[in-house]
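Novice: Okay, handing you the structure first.
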Amino acid sequence: MNSAHLTVSPRPATVRCGAAGGSETPCVGPRAVVRIVARDGNEATGCVEHATALYATWIGARLFPSPGHAEAVFDVYARARMLSALPDPAAVPQAA
């Protein structure tokens with residue numbers, strides 16, 4: 001078999017939710033369970049994983065469930081509260 005004739009097709013791009021931004025992590029569950037609306041009107045729809053990270057950083061944002069996913073709002077809210085309770089690594093004093 002001549003290896004010069006073998007072709008490797010590129011891997012298809014992973015489709016992620018709108019809240020993923022530049023994140024390399026895959027979505028968890030359905031990609032459109034929660035809509036996050038920021039104070040300034042920006043909004044994003046996302047999976048629980050990415051919506052949690054975004055909601056934790058957008059101060060004063062509001063959450064709205066997608067139809068059939070009312071429980072996802074509570075999940076995102078609870079997870080974001082746990083994330084915001086973690087100390088900022090830059091603020092923690094480092095041992096000399």
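Every chain in the structure tokens has a letter given in the order shown (A, B, ...), and although residue numbers restart at 1 in each chain, ligands are simply numbered from 1 in the order shown.
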Residues within 9 Å of A:Val33, please, as number ranges by chain. Count only C-alpha atoms; anything in the same chain fewer than 2 positions from it doesn't count.

Specialist: A: 29-31, 35, 45-48, 51, 64-70, 72-73

Novice: Please measure the separation of atom CA of A:Ser23 and atom CA of A:Ala56, giving the value in Å to one decimal.

Specialist: 15.0 Å
